[in-house]
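Undergrad: Dropping in my_file25.cif, with mmCIF, C-alpha atoms.
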data_input
loop_
_atom_site.label_atom_id
_atom_site.label_comp_id
_atom_site.auth_asym_id
_atom_site.auth_seq_id
_atom_site.Cartn_x
_atom_site.Cartn_y
_atom_site.Cartn_z
CA MET A 1 0.00 0.00 0.00
CA LYS A 2 1.15 3.51 -0.79
CA ASP A 3 1.48 6.03 2.03
CA ALA A 4 2.46 9.60 2.95
CA LEU A 5 6.18 8.85 2.71
CA ALA A 6 5.86 7.58 -0.88
CA ILE A 7 3.90 10.71 -1.84
CA HIS A 8 6.38 12.98 -0.02
CA ARG A 9 9.37 11.42 -1.80
CA TRP A 10 7.66 11.63 -5.19
CA LEU A 11 6.75 15.30 -4.69
CA LEU A 12 10.30 16.10 -3.53
CA ALA A 13 11.70 14.41 -6.63
CA HIS A 14 9.40 16.60 -8.76
CA GLN A 15 10.30 19.71 -6.72
CA VAL A 16 6.70 20.42 -5.74
CA HIS A 17 6.13 22.45 -2.58
CA HIS A 18 3.86 20.55 -0.21
CA GLU A 19 3.30 19.67 3.42
CA ILE A 20 2.37 16.38 5.06
CA VAL A 21 -0.05 17.36 7.83
CA ARG A 22 -0.28 15.27 10.99
CA LEU A 23 -3.96 14.98 11.94
CA PRO A 24 -5.15 15.46 15.53
CA ARG A 25 -7.13 12.23 15.34
CA PRO A 26 -7.29 9.39 12.83
CA MET A 27 -9.85 9.55 10.05
CA THR A 28 -11.67 6.58 8.58
CA CYS A 29 -12.42 8.19 5.21
CA VAL A 30 -11.67 11.36 3.27
CA ASP A 31 -15.14 12.77 4.09
CA GLU A 32 -13.75 13.52 7.58
CA LEU A 33 -10.85 15.55 6.15
CA PRO A 34 -12.48 19.03 6.23
CA GLU A 35 -13.11 18.75 9.96
CA ALA A 36 -9.70 17.19 10.64
CA VAL A 37 -7.76 20.02 8.94
CA SER A 38 -10.28 22.84 9.62
CA ALA A 39 -10.80 23.56 5.93
CA ALA A 40 -13.84 24.11 3.76
CA PRO A 41 -15.09 20.91 2.07
CA GLY A 42 -14.51 22.62 -1.28
CA ARG A 43 -10.78 22.83 -0.46
CA CYS A 44 -10.53 19.09 0.26
CA VAL A 45 -10.08 16.61 -2.58
CA ALA A 46 -11.46 13.08 -2.60
CA VAL A 47 -11.01 10.14 -4.95
CA THR A 48 -14.09 8.00 -5.56
CA VAL A 49 -13.56 4.73 -7.35
CA PHE A 50 -16.27 3.36 -9.64
CA GLU A 51 -16.73 0.05 -11.39
CA VAL A 52 -17.87 0.86 -14.92
CA ALA A 53 -19.56 -1.30 -17.55
CA THR A 54 -18.70 0.05 -20.99
CA ARG A 55 -21.07 -0.05 -23.96
CA ILE A 56 -19.28 -3.14 -25.30
CA GLY A 57 -19.78 -4.94 -21.99
CA ARG A 58 -16.23 -4.64 -20.63
CA GLU A 59 -15.83 -3.90 -16.90
CA VAL A 60 -13.24 -1.26 -15.97
CA VAL A 61 -12.32 0.73 -12.87
CA VAL A 62 -12.34 4.53 -12.94
CA ALA A 63 -11.05 6.90 -10.25
CA VAL A 64 -12.93 10.21 -10.07
CA VAL A 65 -11.18 13.16 -8.41
CA SER A 66 -13.53 15.78 -6.96
CA ALA A 67 -14.03 18.10 -4.02
CA VAL A 68 -15.43 16.57 -0.84
CA SER A 69 -18.23 19.16 -1.11
CA ASP A 70 -19.24 17.85 -4.58
CA PRO A 71 -19.02 14.04 -4.54
CA PRO A 72 -19.55 12.52 -7.98
CA GLN A 73 -23.00 11.10 -8.66
CA ALA A 74 -23.12 7.81 -10.57
CA GLY A 75 -25.49 9.26 -13.18
CA ALA A 76 -23.21 12.21 -13.89
CA VAL A 77 -20.18 9.92 -14.17
CA CYS A 78 -22.12 7.62 -16.51
CA GLY A 79 -23.05 10.55 -18.76
CA ALA A 80 -19.60 12.17 -18.70
CA LEU A 81 -17.83 8.94 -19.59
CA GLY A 82 -20.46 7.70 -22.03
CA VAL A 83 -20.73 4.28 -20.44
CA ARG A 84 -23.61 1.89 -19.88
CA GLN A 85 -23.50 1.44 -16.09
CA VAL A 86 -21.60 2.90 -13.12
CA ARG A 87 -21.52 1.71 -9.52
CA LEU A 88 -19.27 2.36 -6.54
CA ALA A 89 -16.40 -0.11 -6.44
CA PRO A 90 -16.27 -2.42 -3.41
CA ASP A 91 -13.41 -1.85 -0.95
CA PHE A 92 -11.36 -4.85 -2.08
CA LEU A 93 -11.42 -3.55 -5.66
CA VAL A 94 -10.50 -0.01 -4.54
CA ASN A 95 -7.53 -1.41 -2.59
CA SER A 96 -6.26 -3.54 -5.46
CA ALA A 97 -6.90 -0.99 -8.24
CA THR A 98 -5.35 2.02 -6.48
CA ASP A 99 -2.82 0.50 -4.06
CA TYR A 100 -4.33 2.74 -1.35
CA ALA A 101 -6.65 1.95 1.54
CA ALA A 102 -10.31 2.32 0.53
CA GLY A 103 -11.72 5.66 1.71
CA LEU A 104 -8.24 7.22 1.93
CA VAL A 105 -7.18 7.17 -1.73
CA SER A 106 -4.82 9.94 -2.78
CA PRO A 107 -5.13 11.40 -6.28
CA LEU A 108 -1.35 11.15 -6.62
CA LEU A 109 0.66 8.04 -7.54
CA LEU A 110 -2.32 6.20 -8.96
CA PRO A 111 -1.32 3.26 -11.18
CA GLU A 112 -0.69 4.12 -14.84
CA GLY A 113 -3.34 1.75 -16.17
CA LEU A 114 -6.10 3.22 -13.99
CA ALA A 115 -8.51 5.55 -15.80
CA VAL A 116 -8.80 8.89 -14.00
CA ALA A 117 -11.48 11.56 -14.43
CA VAL A 118 -11.10 14.99 -12.78
CA ASP A 119 -14.17 17.08 -11.92
CA ASP A 120 -13.90 20.40 -13.78
CA ARG A 121 -15.32 22.24 -10.75
CA LEU A 122 -11.94 21.92 -9.00
CA ARG A 123 -10.32 25.35 -9.22
CA ALA A 124 -6.68 25.61 -10.30
CA ASP A 125 -5.66 28.45 -7.97
CA THR A 126 -2.73 29.08 -5.66
CA ASP A 127 -4.68 28.48 -2.45
CA PRO A 128 -3.91 25.36 -0.42
CA ILE A 129 -5.90 22.23 -1.00
CA PHE A 130 -5.95 19.08 1.13
CA THR A 131 -6.19 15.42 0.22
CA ALA A 132 -5.73 11.98 1.73
CA THR A 133 -2.39 10.16 1.74
CA GLY A 134 -3.62 6.61 2.18
CA GLU A 135 -2.98 6.84 5.92
CA ARG A 136 -5.45 7.58 8.71
CA HIS A 137 -3.15 9.99 10.59
CA THR A 138 -1.91 12.27 7.79
CA ALA A 139 -3.13 14.52 4.98
CA LEU A 140 -1.38 16.30 2.15
CA SER A 141 -1.50 20.08 1.70
CA MET A 142 -0.34 21.75 -1.49
CA ARG A 143 -1.38 24.44 -3.96
CA ALA A 144 -4.46 23.47 -5.96
CA LEU A 145 -2.71 24.50 -9.19
CA ASP A 146 0.17 22.12 -8.47
CA LEU A 147 -2.14 19.24 -7.65
CA LEU A 148 -4.28 19.69 -10.76
CA THR A 149 -1.16 20.01 -12.93
CA LEU A 150 0.15 16.68 -11.61
CA LEU A 151 -3.07 14.73 -12.02
CA PRO A 152 -3.28 12.34 -14.94
CA GLY A 153 -6.57 11.81 -16.70
CA LYS A 154 -9.34 13.68 -18.36
CA THR A 155 -11.21 16.70 -17.00
CA VAL A 156 -14.95 16.09 -17.17
CA ASN A 157 -18.16 17.97 -16.40
CA LEU A 158 -19.84 16.14 -13.50
CA ARG A 159 -22.66 18.62 -12.97
CA ILE A 160 -26.10 17.09 -12.98
CA PRO A 161 -28.25 18.97 -15.51
CA ARG A 162 -31.36 20.64 -14.14
CA PRO A 163 -34.58 19.10 -15.49
CA ARG A 164 -36.71 21.22 -17.80
CA GLY A 165 -39.40 23.07 -15.94
CA SER A 166 -37.36 23.36 -12.74
CA ARG A 167 -37.64 26.59 -10.79
CA GLN A 168 -34.23 27.77 -12.04
CA ALA A 169 -35.08 26.98 -15.67
CA VAL A 170 -38.31 28.99 -15.36
CA ALA A 171 -36.46 31.91 -13.76
CA ILE A 172 -34.03 32.12 -16.67
CA ARG A 173 -36.83 32.50 -19.25
CA HIS A 174 -38.15 35.73 -17.72
#
Take the structure in the file and write it out as structure tokens.

TA:
Amino acid sequence: MKDALAIHRWLLAHQVHHEIVRLPRPMTCVDELPEAVSAAPGRCVAVTVFEVATRIGREVVVAVVSAVSDPPQAGAVCGALGVRQVRLAPDFLVNSATDYAAGLVSPLLLPEGLAVAVDDRLRADTDPIFTATGERHTALSMRALDLLTLLPGKTVNLRIPRPRGSRQAVAIRH
């Protein structure tokens, strides 16, 4: 399993400014990160792993990188990737596909063969952003621009379209 030390060494080798943050208490999943580091959920990045059935019937695993405040919805992932079916991957598959502990997957050092989709709502700015390291007691802090520059994969729109006739759609017509 990958951990904070592997991430730290990799970032040092790539000369990326970062900080490994020691958490005051262990977390069981990345959803607890905003409270653990006293940051807004929009400044905390999570990786959600999905099991995807393609249109030709092949099963693949896809890691989706998004803010904790905007977790990816299966329907939006299905539409963005143009696949037949999407479901959350079970923990054993997350562990084997990412080499991280399920619930604590870092967006960095993901295996080369793993498909990665990045939510386009993540802002590439110079403010700090936090993410998991694969360990319960640490988190990674770095500039959002640096993180998004290092991420492999495709940027996708994971917004769920508003249905016609919704209150917002009616308000726009006026």

Undergrad: Just the residues within 7 Å of Val105 of chain A, please, counting all atoms listed in the file, with nothing from its chain fewer than 6 positions along; format it as a list in words.

TA: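 Near Val105 of chain A, the qualifying residues are Val47, Ala132, Thr133 and Gly134 of chain A.
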
Undergrad: What would the selection look like, as a list in words, if the PyMOL selection byres ((chain A and resi 153) around 7) were run on the coordinates I just shared?

TA: Ala115, Val116, Ala117, Val118, Leu151, Pro152, Lys154 and Thr155 of chain A

Undergrad: Extract, using only C-alpha atoms, all DNA, RNA and protein residues at most 10 Å from Leu145 of chain A, discarding same-chain residues fewer than 3 positions from it, and format them as a ChimeraX atom specification.

TA: /A:122-129,142,148-150

Undergrad: For this file, the PyMOL selection byres ((chain A and resi 65) around 7) selects which residues, as JSON, numbers by chain?

TA: {"A": [45, 46, 47, 48, 63, 64, 66, 107, 117, 118, 119]}

Undergrad: Please expand the PyMOL selection byres ((chain A and resi 102) around 9) into the concrete residues it hits in this file, giving the result as a list of chain:residue names.

TA: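 Those residues are A:Cys29, A:Val49, A:Pro90, A:Asp91, A:Phe92, A:Leu93, A:Val94, A:Asn95, A:Thr98, A:Asp99, A:Tyr100, A:Ala101, A:Gly103, A:Leu104, A:Val105, A:Gly134.
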
Undergrad: Given all atoms listed in the file as the basis, pick out the residue of A:Ala40, A:Leu11, A:Val83, A:Ile160 nearest to Arg58 of chain A.

TA: A:Val83

Undergrad: How far is it from atom CA of Leu158 of chain A to atom CA of Arg143 of chain A, in Å with one decimal?

TA: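 Between atom CA of Leu158 of chain A and atom CA of Arg143 of chain A the gap is 22.4 Å.
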
Undergrad: So that all listed atoms of segment 142-158 of chain A fit with 4 Å spare on each side, what axis-aligned box centre and edge lengths in Å, to one decimal, would you give as AutoDock Vina command-line options?

TA:
--center_x -9.8 --center_y 18.2 --center_z -9.9 --size_x 28.0 --size_y 20.7 --size_z 24.9

Undergrad: Give the answer as one residue: which of A:Gln85, A:Ser96, A:Ser106, A:Ser38 has the shortest atom-to-atom distance to Ile56 of chain A, using all atoms listed in the file?

TA: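 Closest to Ile56 of chain A, using all atoms listed in the file: A:Gln85.
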
Undergrad: Would you mind listing what lies within 12 Å of Ala6 of chain A as JSON, numbers by chain, with all atoms listed in the file counted and same-chain residues fewer than 2 positions away left out?

TA: {"A": [1, 2, 3, 4, 8, 9, 10, 11, 12, 13, 20, 99, 100, 106, 108, 109, 110, 133, 134, 135, 140]}

Undergrad: Identify, on the basis of all atoms listed in the file, every residue whose closest approach to Ser141 of chain A does not exceed 6 Å; exclude the query and any residue fewer than 5 positions from it along the same chain; express the result as a ChimeraX atom specification.

TA: /A:18-19,129-130

Undergrad: In Å, with one decimal, what is the gap from atom CA of Pro26 of chain A to atom CA of Arg136 of chain A?

TA: 4.9 Å

Undergrad: Pick from A:Asn157, A:Ser69, A:Leu88, A:Gly79: nearest to Pro34 of chain A, with only C-alpha atoms counted?

TA: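 Among A:Asn157, A:Ser69, A:Leu88, A:Gly79, it is A:Ser69 that comes nearest to Pro34 of chain A.
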
Undergrad: Quote the spacing between atom CA of Arg159 of chain A and atom CA of Glu59 of chain A in Å to one decimal place.

TA: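 Rounded to one decimal, the two atoms are 23.9 Å apart.
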
Undergrad: Which is closest to Val156 of chain A among A:Ala76, A:Leu23, A:Cys44, A:Val61, if we use all atoms listed in the file?

TA: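 Counting all atoms listed in the file, the residue closest to Val156 of chain A is A:Ala76.
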